[in-house]
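**Q** See my_file13.txt below, with compact mmCIF, C-alpha atoms.
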```
# COMPACT_ATOMS: atom_id res chain seq x y z
CA MET G 1 -39.05 90.71 -13.23
CA VAL G 2 -40.32 89.04 -16.39
CA LYS G 3 -42.00 92.33 -17.38
CA ILE G 4 -38.71 94.22 -17.53
CA ILE G 5 -37.18 91.39 -19.60
CA SER G 6 -40.13 91.50 -22.00
CA PHE G 7 -39.68 95.24 -22.39
CA LEU G 8 -35.94 94.89 -23.02
CA GLN G 9 -36.51 92.20 -25.64
CA THR G 10 -39.05 94.40 -27.41
CA PHE G 11 -36.94 97.54 -27.10
CA THR G 12 -33.87 95.74 -28.42
CA ILE G 13 -35.60 94.29 -31.48
CA ILE G 14 -36.97 97.75 -32.27
CA LEU G 15 -33.38 99.04 -32.14
CA VAL G 16 -32.30 96.21 -34.46
CA VAL G 17 -34.95 97.06 -37.05
CA VAL G 18 -34.29 100.79 -36.78
CA GLY G 19 -30.55 100.19 -37.07
CA HIS G 20 -31.07 98.26 -40.30
CA SER G 21 -33.22 101.08 -41.74
CA PHE G 22 -30.43 103.61 -42.15
CA VAL G 23 -30.00 103.48 -45.93
CA GLY G 24 -29.87 106.11 -48.65
CA LYS G 25 -30.00 109.63 -47.27
CA ALA G 26 -30.82 108.25 -43.81
CA ALA G 27 -27.32 106.75 -43.74
CA GLU G 28 -25.71 110.15 -44.14
CA GLU G 29 -24.79 112.75 -41.55
CA PRO G 30 -26.24 113.54 -39.07
CA PHE G 31 -28.65 110.55 -39.00
CA VAL G 32 -25.91 107.94 -39.11
CA GLU G 33 -24.80 109.00 -35.62
CA THR G 34 -28.03 107.54 -34.29
CA GLN G 35 -27.15 104.24 -35.95
CA THR G 36 -23.72 104.33 -34.34
CA TRP G 37 -25.34 104.89 -30.93
CA ILE G 38 -27.72 101.95 -31.46
CA TYR G 39 -24.91 99.65 -32.57
CA SER G 40 -22.87 100.49 -29.49
CA PHE G 41 -25.07 98.37 -27.22
CA HIS G 42 -28.06 96.65 -28.87
CA MET G 43 -26.39 93.30 -29.69
CA PRO G 44 -24.54 93.09 -26.35
CA MET G 45 -27.96 93.58 -24.74
CA PHE G 46 -29.40 90.72 -26.82
CA MET G 47 -26.59 88.48 -25.58
CA LEU G 48 -27.07 89.64 -21.99
CA LEU G 49 -30.80 88.88 -22.17
CA SER G 50 -30.03 85.43 -23.59
CA GLY G 51 -27.76 84.75 -20.61
CA TRP G 52 -30.40 86.05 -18.18
CA LEU G 53 -33.10 83.79 -19.65
CA PHE G 54 -30.72 80.83 -19.72
CA SER G 55 -30.00 81.26 -16.01
CA TYR G 56 -33.68 81.92 -15.20
CA LYS G 57 -34.81 78.70 -16.91
CA ASN G 58 -32.08 76.52 -15.42
CA LYS G 59 -31.61 78.18 -12.00
CA ASP G 60 -28.95 76.24 -10.05
CA ASN G 61 -28.88 73.34 -12.50
CA LEU G 62 -26.36 74.81 -14.92
CA SER G 63 -24.07 71.80 -14.49
CA GLY G 64 -26.87 69.23 -14.69
CA ILE G 65 -28.23 70.16 -18.10
CA LYS G 66 -28.85 67.11 -20.27
CA TRP G 67 -26.62 67.32 -23.33
CA PHE G 68 -28.11 64.89 -25.82
CA GLY G 69 -31.28 62.93 -26.55
CA LYS G 70 -34.57 63.97 -28.10
CA GLU G 71 -35.15 66.62 -25.43
CA GLY G 72 -31.46 67.34 -24.91
CA PHE G 73 -29.94 70.80 -24.76
CA VAL G 74 -27.90 70.46 -27.96
CA VAL G 75 -30.84 69.24 -30.04
CA GLY G 76 -33.03 72.02 -28.66
CA LYS G 77 -30.53 74.73 -29.57
CA ILE G 78 -29.94 73.24 -33.02
CA LYS G 79 -33.68 73.44 -33.68
CA ARG G 80 -33.99 76.92 -32.23
CA LEU G 81 -30.85 78.53 -33.67
CA LEU G 82 -29.11 76.52 -36.40
CA VAL G 83 -32.16 75.27 -38.30
CA PRO G 84 -33.51 78.83 -38.81
CA TYR G 85 -29.98 79.94 -39.71
CA PHE G 86 -29.62 77.27 -42.38
CA LEU G 87 -33.12 77.58 -43.85
CA LEU G 88 -33.29 81.38 -43.99
CA SER G 89 -29.70 81.65 -45.21
CA THR G 90 -30.56 79.28 -48.05
CA VAL G 91 -33.68 81.19 -49.05
CA ALA G 92 -31.91 84.55 -48.83
CA PHE G 93 -28.95 83.22 -50.83
CA PHE G 94 -31.12 82.21 -53.77
CA VAL G 95 -33.05 85.48 -53.65
CA LYS G 96 -29.96 87.65 -53.33
CA ALA G 97 -28.03 85.75 -56.00
CA GLN G 98 -30.79 86.44 -58.53
CA PHE G 99 -30.71 90.17 -57.82
CA SER G 100 -27.04 90.44 -56.95
CA GLN G 101 -26.44 93.33 -59.37
CA TYR G 102 -28.69 95.49 -57.19
CA ALA G 103 -27.26 94.38 -53.84
CA VAL G 104 -24.95 96.41 -51.62
CA ARG G 105 -22.87 93.25 -51.14
CA PRO G 106 -23.10 91.26 -54.43
CA ILE G 107 -22.66 87.48 -54.27
CA GLY G 108 -22.06 84.79 -56.88
CA PHE G 109 -24.45 81.93 -57.55
CA THR G 110 -22.05 79.08 -56.83
CA PHE G 111 -21.85 76.32 -54.24
CA ASP G 112 -18.61 77.82 -52.90
CA ASP G 113 -20.38 81.15 -52.30
CA TYR G 114 -23.28 79.34 -50.65
CA LEU G 115 -20.99 77.36 -48.35
CA HIS G 116 -18.88 80.43 -47.59
CA GLN G 117 -21.88 82.40 -46.32
CA LEU G 118 -22.76 79.58 -43.91
CA ILE G 119 -19.25 79.17 -42.53
CA TYR G 120 -18.56 82.91 -42.36
CA PRO G 121 -21.73 84.31 -40.70
CA TYR G 122 -20.84 87.98 -41.26
CA ASP G 123 -20.78 87.30 -45.02
CA ASN G 124 -24.20 85.68 -44.93
CA ALA G 125 -26.79 86.78 -47.49
CA MET G 126 -28.87 87.81 -44.45
CA GLY G 127 -26.01 89.50 -42.65
CA HIS G 128 -27.73 89.93 -39.30
CA LEU G 129 -28.19 86.15 -38.94
CA TRP G 130 -24.61 85.96 -37.62
CA PHE G 131 -26.21 86.19 -34.19
CA LEU G 132 -27.70 82.67 -34.41
CA PRO G 133 -24.59 80.47 -34.79
CA THR G 134 -22.68 82.84 -32.50
CA LEU G 135 -25.25 82.40 -29.74
CA PHE G 136 -25.34 78.63 -30.36
CA PHE G 137 -21.60 78.26 -29.73
CA ILE G 138 -21.78 80.56 -26.72
CA PHE G 139 -24.45 78.29 -25.23
CA MET G 140 -22.26 75.24 -25.86
CA ILE G 141 -19.16 76.84 -24.33
CA VAL G 142 -20.95 78.05 -21.19
CA VAL G 143 -22.72 74.75 -20.54
CA CYS G 144 -19.53 72.78 -21.21
CA ILE G 145 -17.53 74.86 -18.72
CA ASN G 146 -20.23 74.52 -16.08
CA LYS G 147 -20.22 70.75 -16.52
CA LEU G 148 -16.46 70.33 -16.53
CA LEU G 149 -15.96 72.56 -13.46
CA LYS G 150 -19.07 71.55 -11.52
CA LYS G 151 -17.03 70.77 -8.41
CA ILE G 152 -16.23 74.46 -7.99
CA PRO G 153 -18.93 76.23 -5.93
CA MET G 154 -21.43 77.85 -8.26
CA PRO G 155 -20.96 81.50 -7.14
CA ILE G 156 -17.16 81.26 -7.39
CA LEU G 157 -17.29 79.57 -10.80
CA GLN G 158 -19.68 82.15 -12.24
CA GLY G 159 -17.49 84.98 -10.98
CA ILE G 160 -14.34 83.42 -12.44
CA MET G 161 -16.09 82.90 -15.79
CA LEU G 162 -17.20 86.54 -15.84
CA VAL G 163 -13.66 87.82 -15.26
CA VAL G 164 -12.11 85.41 -17.77
CA PHE G 165 -14.70 86.25 -20.43
CA LEU G 166 -14.14 89.96 -19.87
CA ILE G 167 -10.41 89.50 -20.43
CA VAL G 168 -11.14 87.45 -23.54
CA SER G 169 -13.54 90.12 -24.80
CA LEU G 170 -10.95 92.85 -24.31
CA PHE G 171 -7.95 91.13 -25.84
CA PHE G 172 -9.16 88.61 -28.44
CA LYS G 173 -11.77 90.55 -30.43
CA PRO G 174 -9.09 92.41 -32.46
CA LEU G 175 -7.84 89.07 -33.86
CA GLN G 176 -10.71 89.18 -36.39
CA ILE G 177 -11.12 85.41 -36.73
CA LYS G 178 -14.04 85.41 -39.13
CA ILE G 179 -14.64 81.69 -39.62
CA LEU G 180 -17.73 80.73 -37.58
CA ASN G 181 -17.44 84.27 -36.21
CA VAL G 182 -14.93 83.10 -33.60
CA SER G 183 -14.03 86.71 -32.77
CA GLY G 184 -17.69 87.50 -32.17
CA ILE G 185 -18.05 84.49 -29.89
CA LEU G 186 -15.04 85.58 -27.85
CA TYR G 187 -16.38 89.13 -27.63
CA TYR G 188 -19.98 88.33 -26.65
CA LEU G 189 -19.28 85.57 -24.10
CA PHE G 190 -18.80 88.28 -21.48
CA TYR G 191 -22.27 89.79 -22.00
CA PHE G 192 -23.93 86.39 -21.92
CA GLN G 193 -22.18 85.52 -18.67
CA PHE G 194 -23.01 88.95 -17.25
CA GLY G 195 -26.67 88.16 -17.94
CA ILE G 196 -26.31 85.00 -15.85
CA ILE G 197 -24.78 87.00 -12.99
CA ILE G 198 -27.52 89.63 -13.20
CA GLU G 199 -30.25 86.99 -12.96
CA ARG G 200 -28.60 85.07 -10.13
CA TYR G 201 -28.10 88.14 -7.94
CA GLY G 202 -31.19 90.15 -8.87
CA ILE G 203 -29.22 93.15 -10.13
CA PHE G 204 -32.05 94.42 -12.32
CA GLU G 205 -34.35 94.55 -9.29
CA ARG G 206 -31.88 96.77 -7.45
CA ILE G 207 -31.77 99.21 -10.34
CA GLY G 208 -35.56 99.44 -10.32
CA LYS G 209 -35.61 100.73 -6.73
CA SER G 210 -33.43 103.78 -7.33
CA LYS G 211 -34.04 107.27 -8.77
CA ILE G 212 -34.70 105.86 -12.17
CA HIS G 213 -35.47 109.01 -14.14
CA VAL G 214 -32.24 110.69 -13.09
CA GLU G 215 -30.17 107.59 -13.76
CA ALA G 216 -31.76 107.13 -17.19
CA PHE G 217 -30.93 110.71 -18.16
CA VAL G 218 -27.34 110.48 -16.89
CA LEU G 219 -26.70 107.14 -18.62
CA PHE G 220 -28.22 108.41 -21.86
CA LEU G 221 -25.89 111.42 -21.88
CA LEU G 222 -22.94 109.23 -20.97
CA SER G 223 -23.75 106.80 -23.80
CA ILE G 224 -23.61 109.71 -26.26
CA LEU G 225 -20.45 111.18 -24.73
CA LEU G 226 -18.65 107.84 -25.11
CA LEU G 227 -19.13 108.07 -28.87
CA LEU G 228 -17.56 111.52 -28.99
CA VAL G 229 -14.41 111.00 -26.95
CA PRO G 230 -11.18 109.60 -28.45
CA MET G 231 -10.96 105.81 -28.54
CA PHE G 232 -9.59 104.16 -25.38
CA PHE G 233 -8.97 100.60 -24.28
CA GLY G 234 -12.24 98.89 -23.33
CA GLN G 235 -14.39 101.66 -24.80
CA LYS G 236 -16.71 99.22 -26.59
CA GLN G 237 -17.40 97.29 -23.41
CA VAL G 238 -18.00 100.46 -21.38
CA ALA G 239 -20.31 101.92 -24.03
CA ALA G 240 -22.25 98.66 -24.26
CA LEU G 241 -22.76 98.43 -20.48
CA VAL G 242 -23.80 102.09 -20.25
CA GLY G 243 -26.30 101.60 -23.09
CA ILE G 244 -27.66 98.48 -21.43
CA GLY G 245 -27.99 100.36 -18.14
CA PHE G 246 -29.90 103.15 -19.88
CA SER G 247 -32.23 100.59 -21.50
CA VAL G 248 -32.97 98.96 -18.14
CA CYS G 249 -33.76 102.36 -16.61
CA LEU G 250 -35.99 103.17 -19.57
CA GLY G 251 -37.78 99.88 -19.01
CA TYR G 252 -38.51 100.72 -15.39
CA ILE G 253 -39.79 104.13 -16.42
CA TYR G 254 -42.09 102.36 -18.89
CA LEU G 255 -43.37 100.07 -16.13
CA HIS G 256 -43.55 102.85 -13.53
CA HIS G 257 -45.96 104.81 -15.72
CA ASN G 258 -47.97 101.64 -16.40
CA SER G 259 -47.38 102.02 -20.14
CA HIS G 260 -48.63 99.40 -22.60
CA PHE G 261 -48.00 100.79 -26.08
CA LEU G 262 -45.22 98.25 -26.78
CA ASP G 263 -46.90 95.28 -25.13
CA HIS G 264 -48.45 94.01 -28.37
CA LEU G 265 -44.91 93.16 -29.58
CA ASN G 266 -44.11 91.01 -26.54
CA GLY G 267 -43.06 87.52 -27.55
CA ALA G 268 -42.54 88.43 -31.20
CA SER G 269 -38.90 89.54 -30.95
CA TYR G 270 -37.38 86.35 -32.37
CA THR G 271 -39.79 86.19 -35.30
CA ILE G 272 -39.15 89.86 -36.06
CA TYR G 273 -35.42 89.21 -35.93
CA LEU G 274 -35.69 86.32 -38.39
CA PHE G 275 -38.08 87.81 -40.93
CA SER G 276 -37.46 91.57 -40.87
CA TRP G 277 -34.82 91.23 -43.60
CA PHE G 278 -37.35 90.49 -46.32
CA PRO G 279 -39.58 93.60 -46.08
CA GLN G 280 -36.58 95.81 -45.40
CA VAL G 281 -34.73 94.53 -48.46
CA PHE G 282 -37.87 95.22 -50.47
CA CYS G 283 -37.73 98.81 -49.25
CA TYR G 284 -34.04 99.18 -50.09
CA GLN G 285 -34.01 97.44 -53.44
CA VAL G 286 -37.44 98.29 -54.86
CA LEU G 287 -38.77 101.46 -53.27
CA MET G 288 -35.43 103.26 -53.19
CA LYS G 289 -33.92 102.11 -56.49
CA PHE G 290 -36.93 101.76 -58.77
CA PHE G 291 -39.40 104.26 -57.31
CA GLU G 292 -36.76 106.69 -56.01
CA VAL G 293 -38.24 106.77 -52.52
CA ASP G 294 -35.55 107.99 -50.14
CA GLY G 295 -34.90 109.97 -47.01
CA LEU G 296 -37.26 110.00 -44.05
CA LEU G 297 -40.11 108.25 -45.90
CA LEU G 298 -37.95 105.27 -46.81
CA PHE G 299 -36.60 105.12 -43.27
CA LEU G 300 -40.12 105.06 -41.79
CA LEU G 301 -41.37 102.47 -44.29
CA SER G 302 -38.38 100.25 -43.56
CA CYS G 303 -38.95 100.52 -39.80
CA ILE G 304 -42.70 99.89 -39.99
CA THR G 305 -42.58 96.99 -42.44
CA GLY G 306 -39.53 95.47 -40.73
CA LEU G 307 -41.44 95.37 -37.45
CA TYR G 308 -45.03 94.68 -38.40
CA ILE G 309 -44.88 92.25 -41.31
CA PRO G 310 -42.92 89.78 -39.11
CA TRP G 311 -45.31 90.63 -36.25
CA PHE G 312 -48.25 89.52 -38.38
CA ILE G 313 -46.30 86.35 -39.19
CA TYR G 314 -45.85 85.79 -35.46
CA LEU G 315 -49.57 86.21 -34.83
CA TYR G 316 -50.36 83.76 -37.60
CA GLU G 317 -47.88 81.09 -36.52
CA THR G 318 -48.91 81.20 -32.84
CA LYS G 319 -52.70 81.45 -33.12
CA GLY G 320 -55.28 79.41 -34.96
CA LYS G 321 -55.69 75.84 -36.14
CA LYS G 322 -52.77 73.77 -37.33
CA THR G 323 -52.11 74.20 -41.06
CA ALA G 324 -49.24 73.24 -43.35
CA LEU G 325 -48.13 76.86 -43.68
CA ARG G 326 -48.36 77.49 -39.94
CA THR G 327 -46.36 74.31 -39.25
CA CYS G 328 -43.74 75.36 -41.80
CA LEU G 329 -43.37 78.80 -40.24
CA ARG G 330 -43.08 77.33 -36.75
CA PHE G 331 -40.41 74.92 -37.99
CA ILE G 332 -38.41 77.76 -39.58
CA ASN G 333 -38.82 79.74 -36.36
CA GLY G 334 -37.52 76.89 -34.21
CA MET G 335 -40.84 76.57 -32.37
CA LYS G 336 -42.46 73.39 -31.14
CA LEU G 337 -44.70 71.98 -33.89
```
Turn the structure described in the file into structure tokens.
**A**
Amino acid sequence: MVKIISFLQTFTIILVVVGHSFVGKAAEEPFVETQTWIYSFHMPMFMLLSGWLFSYKNKDNLSGIKWFGKEGFVVGKIKRLLVPYFLLSTVAFFVKAQFSQYAVRPIGFTFDDYLHQLIYPYDNAMGHLWFLPTLFFIFMIVVCINKLLKKIPMPILQGIMLVVFLIVSLFFKPLQIKILNVSGILYYLFYFQFGIIIERYGIFERIGKSKIHVEAFVLFLLSILLLLVPMFFGQKQVAALVGIGFSVCLGYIYLHHNSHFLDHLNGASYTIYLFSWFPQVFCYQVLMKFFEVDGLLLFLLSCITGLYIPWFIYLYETKGKKTALRTCLRFINGMKL
């Protein structure tokens, strides 16, 4: 089961990097449709995987998680999610402020602008870091509910939470409460909780026993069709679940054929997520604007550097003797020093 999760983590981070590489001519028709398809499910899948791993690590002890203390849950998530958010946001703010005239989203070099980008994650200098505080608050909400309602039998409670979070996702996302990305929290709670349900009841294993090639093809076509039909209530949720289902089927096809070409990226997803911004911004701001590199070449360079420069960072920070630089990178990455 861990193998399919490793594949999904790797596949999802590849989608993230590819999705961020659609700039210049690559952001025009018809290429932008691929970006739209990626964005329809890749972040819901990240949230679902986070819920799956949370359930897998804690099993039936969701209500007995230790809140505080040196090894407490809150401290651990602050180190893992909020510390990288604060540090990388700060670095990116200073870098972006100095070259703001070249940025797609210019920012001012003031304390108010700096504070604003921390409180409003979607306005962050590194825009994709919104995921970190959003996931942090989702963790806090889910653990808090499990503790407060621990007298309710676990299966019933998890089912109730799934239904409630689905309703919240459907009705509260349009409110667009941007501070602390409240709308995003309300939207993604459902996928996180669905990940918990999937882990508890072995749903991924059941998918892996079916006619996987046929299902993958059908779900892929359906995921495209959902982008072409007129908007309907709950379309985002349906599209996200179909895309996730396709990804799971693709993972089982990968395992069925005993493939290994993505295995070298296993474990590096978080580091790639944190550091891919820097090489990709270099591609956008330097190669495209000063050297007039554009189109397919820029897209490929952005994808390759966005994946493999952070991958080399991951290899460095996880292997070898302890050094000041390695310790610094591990601290930024929320790893144990």
**Q** How close does each residue of range 231-261 of chain G get to range 10-26 of chain G, giving the shortest atom pair and distance in Å to one decimal for every residue with an atom at most 12 Å away, counting all atoms listed in the file, sorted by chain and residue number, as JSON lines?
**A**
```
{"residue": "G:Gly243", "atom": "CA", "partner": "G:Thr12", "partner_atom": "CA", "distance": 11.0}
{"residue": "G:Ile244", "atom": "CA", "partner": "G:Thr12", "partner_atom": "CA", "distance": 9.7}
{"residue": "G:Phe246", "atom": "CA", "partner": "G:Phe11", "partner_atom": "CA", "distance": 11.5}
{"residue": "G:Ser247", "atom": "CA", "partner": "G:Phe11", "partner_atom": "CA", "distance": 7.9}
{"residue": "G:Val248", "atom": "CA", "partner": "G:Phe11", "partner_atom": "CA", "distance": 9.9}
{"residue": "G:Cys249", "atom": "CA", "partner": "G:Phe11", "partner_atom": "CA", "distance": 12.0}
{"residue": "G:Leu250", "atom": "CA", "partner": "G:Phe11", "partner_atom": "CA", "distance": 9.4}
{"residue": "G:Gly251", "atom": "CA", "partner": "G:Phe11", "partner_atom": "CA", "distance": 8.5}
{"residue": "G:Tyr254", "atom": "CA", "partner": "G:Phe11", "partner_atom": "CA", "distance": 10.8}
{"residue": "G:His260", "atom": "CA", "partner": "G:Thr10", "partner_atom": "CA", "distance": 11.8}
{"residue": "G:Phe261", "atom": "CA", "partner": "G:Thr10", "partner_atom": "CA", "distance": 11.1}
```
**Q** At a cut-off of 10 Å, using all atoms listed in the file, what residues contact range 265-277 of chain G? Leave out same-chain residues fewer than 2 positions from it and give the result as a ChimeraX atom specification.
**A** /G:3,5-14,16-17,20,84-85,88,92,125-129,131-132,261-263,279-283,302-315,317-318,329-330,332-334
**Q** Could you please determine the separation between CA of Phe41 in chain G and CA of Leu227 in chain G in Å, to one decimal place?
**A**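 Result for CA of Phe41 in chain G versus CA of Leu227 in chain G: 11.5 Å, one decimal.
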**Q** One decimal, Å: what's the distance from CA of Tyr122 in chain G over to CA of Tyr188 in chain G, could you say?
**A** 14.6 Å
**Q** Would you compute the distance between CA of Ile152 in chain G and CA of Lys59 in chain G? Give it in Å to one decimal.
**A**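 Between these atoms lies a distance of 16.3 Å.
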**Q** Could you tell me which of G:Phe192, G:Phe217, G:Phe68, G:Phe232 comes closest to Leu170 in chain G if we count only C-alpha atoms?
**A**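 Closest to Leu170 in chain G of all the choices is G:Phe232.
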**Q** Residues within 6 Å of (-17.3, 79.8, -38.4), file coordinates, counting all atoms listed in the file: what are they? Give the list as a CSV table (one decimal) with C-alpha atoms, keeping the file's coordinate frame.
**A**
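Generated file (out.csv):
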```
chain,number,residue,atom,x,y,z
G,119,ILE,CA,-19.2,79.2,-42.5
G,120,TYR,CA,-18.6,82.9,-42.4
G,179,ILE,CA,-14.6,81.7,-39.6
G,180,LEU,CA,-17.7,80.7,-37.6
G,181,ASN,CA,-17.4,84.3,-36.2
```
**Q** Could you work out an axis-aligned box for range 266-269 of chain G, taking every atom the file lists and adding 5 Å on each side, and report centre and edge lengths in Å to one decimal, as AutoDock Vina command-line options?
**A**
```
--center_x -41.5 --center_y 89.3 --center_z -28.9 --size_x 15.2 --size_y 13.5 --size_z 14.7
```
**Q** Pick out the residues sitting within 8 Å of Gln193 in chain G, and hand them over as JSON, numbers by chain; count all atoms listed in the file, and ignore anything fewer than 5 positions along from it in its own chain.
**A** {"G": [48, 51, 142, 158, 161, 162, 165]}
**Q** Smallest atom-to-atom distance to Tyr201 in chain G: which of G:Leu298, G:Tyr56, G:Phe111, G:Phe46, using all atoms listed in the file?
**A** G:Tyr56
**Q** Around the point (-10.2, 84.8, -24.8) (coordinates from the file), which residues reach within 10 Å if we count all atoms listed in the file? Answer as a list of chain:residue names.
**A**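 Within the cut-off we find G:Val164, G:Phe165, G:Leu166, G:Ile167, G:Val168, G:Ser169, G:Leu170, G:Phe171, G:Phe172, G:Lys173, G:Ser183, G:Ile185, G:Leu186, G:Tyr187, G:Leu189, G:Phe190.
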**Q** Between G:Ile156, G:Val143, G:Leu300, G:Leu226, single out the one closest to Lys66 in chain G, counting all atoms listed in the file.
**A**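 Smallest distance to Lys66 in chain G is found for G:Val143.
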**Q** Nearest to Ser55 in chain G: which of G:Phe109, G:Phe139, G:Trp67, G:Trp130 is it, counting all atoms listed in the file?
**A**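 Checking each candidate against Ser55 in chain G, we get G:Phe139 as the closest.
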**Q** Residues near Ser63 in chain G, anyone? I mean within 7 Å using all atoms listed in the file, not counting same-chain ones fewer than 3 positions away, as a list in words.
**A**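 Surrounding residues, per the criterion: Val143, Asn146, Lys147 and Lys150 of chain G.
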**Q** May I ask you to restore N, CA, C and O atoms in range 146-162 of chain G and write the result as a PDB file, in the frame of the given file?
**A**
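What follows is the written file part-v9.pdb:
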```pdb
ATOM      1  N   ASN G 146     -19.507  74.806 -17.316  1.00  0.00           N
ATOM      2  CA  ASN G 146     -20.230  74.520 -16.080  1.00  0.00           C
ATOM      3  C   ASN G 146     -20.231  73.032 -15.749  1.00  0.00           C
ATOM      4  O   ASN G 146     -20.189  72.655 -14.573  1.00  0.00           O
ATOM      5  N   LYS G 147     -20.245  72.191 -16.752  1.00  0.00           N
ATOM      6  CA  LYS G 147     -20.220  70.750 -16.520  1.00  0.00           C
ATOM      7  C   LYS G 147     -18.826  70.276 -16.111  1.00  0.00           C
ATOM      8  O   LYS G 147     -18.674  69.478 -15.177  1.00  0.00           O
ATOM      9  N   LEU G 148     -17.824  70.775 -16.810  1.00  0.00           N
ATOM     10  CA  LEU G 148     -16.460  70.330 -16.530  1.00  0.00           C
ATOM     11  C   LEU G 148     -15.967  70.799 -15.163  1.00  0.00           C
ATOM     12  O   LEU G 148     -15.179  70.108 -14.514  1.00  0.00           O
ATOM     13  N   LEU G 149     -16.434  71.979 -14.724  1.00  0.00           N
ATOM     14  CA  LEU G 149     -15.960  72.560 -13.460  1.00  0.00           C
ATOM     15  C   LEU G 149     -17.062  72.573 -12.402  1.00  0.00           C
ATOM     16  O   LEU G 149     -17.102  73.460 -11.551  1.00  0.00           O
ATOM     17  N   LYS G 150     -17.921  71.579 -12.428  1.00  0.00           N
ATOM     18  CA  LYS G 150     -19.070  71.550 -11.520  1.00  0.00           C
ATOM     19  C   LYS G 150     -18.678  71.381 -10.057  1.00  0.00           C
ATOM     20  O   LYS G 150     -19.481  71.656  -9.157  1.00  0.00           O
ATOM     21  N   LYS G 151     -17.465  70.932  -9.799  1.00  0.00           N
ATOM     22  CA  LYS G 151     -17.030  70.770  -8.410  1.00  0.00           C
ATOM     23  C   LYS G 151     -16.702  72.106  -7.750  1.00  0.00           C
ATOM     24  O   LYS G 151     -16.628  72.192  -6.522  1.00  0.00           O
ATOM     25  N   ILE G 152     -16.471  73.119  -8.543  1.00  0.00           N
ATOM     26  CA  ILE G 152     -16.230  74.460  -7.990  1.00  0.00           C
ATOM     27  C   ILE G 152     -17.565  75.053  -7.558  1.00  0.00           C
ATOM     28  O   ILE G 152     -18.547  74.975  -8.306  1.00  0.00           O
ATOM     29  N   PRO G 153     -17.661  75.625  -6.377  1.00  0.00           N
ATOM     30  CA  PRO G 153     -18.930  76.230  -5.930  1.00  0.00           C
ATOM     31  C   PRO G 153     -19.485  77.185  -6.979  1.00  0.00           C
ATOM     32  O   PRO G 153     -18.736  77.974  -7.572  1.00  0.00           O
ATOM     33  N   MET G 154     -20.791  77.103  -7.186  1.00  0.00           N
ATOM     34  CA  MET G 154     -21.430  77.850  -8.260  1.00  0.00           C
ATOM     35  C   MET G 154     -21.116  79.355  -8.250  1.00  0.00           C
ATOM     36  O   MET G 154     -20.737  79.916  -9.283  1.00  0.00           O
ATOM     37  N   PRO G 155     -21.250  80.055  -7.120  1.00  0.00           N
ATOM     38  CA  PRO G 155     -20.960  81.500  -7.140  1.00  0.00           C
ATOM     39  C   PRO G 155     -19.529  81.820  -7.538  1.00  0.00           C
ATOM     40  O   PRO G 155     -19.286  82.783  -8.281  1.00  0.00           O
ATOM     41  N   ILE G 156     -18.572  81.021  -7.052  1.00  0.00           N
ATOM     42  CA  ILE G 156     -17.160  81.260  -7.390  1.00  0.00           C
ATOM     43  C   ILE G 156     -16.925  81.012  -8.872  1.00  0.00           C
ATOM     44  O   ILE G 156     -16.255  81.803  -9.560  1.00  0.00           O
ATOM     45  N   LEU G 157     -17.476  79.905  -9.385  1.00  0.00           N
ATOM     46  CA  LEU G 157     -17.290  79.570 -10.800  1.00  0.00           C
ATOM     47  C   LEU G 157     -17.858  80.646 -11.707  1.00  0.00           C
ATOM     48  O   LEU G 157     -17.208  81.053 -12.682  1.00  0.00           O
ATOM     49  N   GLN G 158     -19.064  81.130 -11.386  1.00  0.00           N
ATOM     50  CA  GLN G 158     -19.680  82.150 -12.240  1.00  0.00           C
ATOM     51  C   GLN G 158     -18.888  83.451 -12.226  1.00  0.00           C
ATOM     52  O   GLN G 158     -18.772  84.126 -13.245  1.00  0.00           O
ATOM     53  N   GLY G 159     -18.327  83.786 -11.073  1.00  0.00           N
ATOM     54  CA  GLY G 159     -17.490  84.980 -10.980  1.00  0.00           C
ATOM     55  C   GLY G 159     -16.210  84.843 -11.784  1.00  0.00           C
ATOM     56  O   GLY G 159     -15.790  85.776 -12.484  1.00  0.00           O
ATOM     57  N   ILE G 160     -15.573  83.673 -11.680  1.00  0.00           N
ATOM     58  CA  ILE G 160     -14.340  83.420 -12.440  1.00  0.00           C
ATOM     59  C   ILE G 160     -14.620  83.496 -13.937  1.00  0.00           C
ATOM     60  O   ILE G 160     -13.858  84.101 -14.702  1.00  0.00           O
ATOM     61  N   MET G 161     -15.731  82.892 -14.368  1.00  0.00           N
ATOM     62  CA  MET G 161     -16.090  82.900 -15.790  1.00  0.00           C
ATOM     63  C   MET G 161     -16.320  84.333 -16.289  1.00  0.00           C
ATOM     64  O   MET G 161     -15.910  84.691 -17.398  1.00  0.00           O
ATOM     65  N   LEU G 162     -16.950  85.151 -15.448  1.00  0.00           N
ATOM     66  CA  LEU G 162     -17.200  86.540 -15.840  1.00  0.00           C
ATOM     67  C   LEU G 162     -15.891  87.288 -16.067  1.00  0.00           C
ATOM     68  O   LEU G 162     -15.730  87.989 -17.077  1.00  0.00           O
TER      69      LEU G 162
END
```
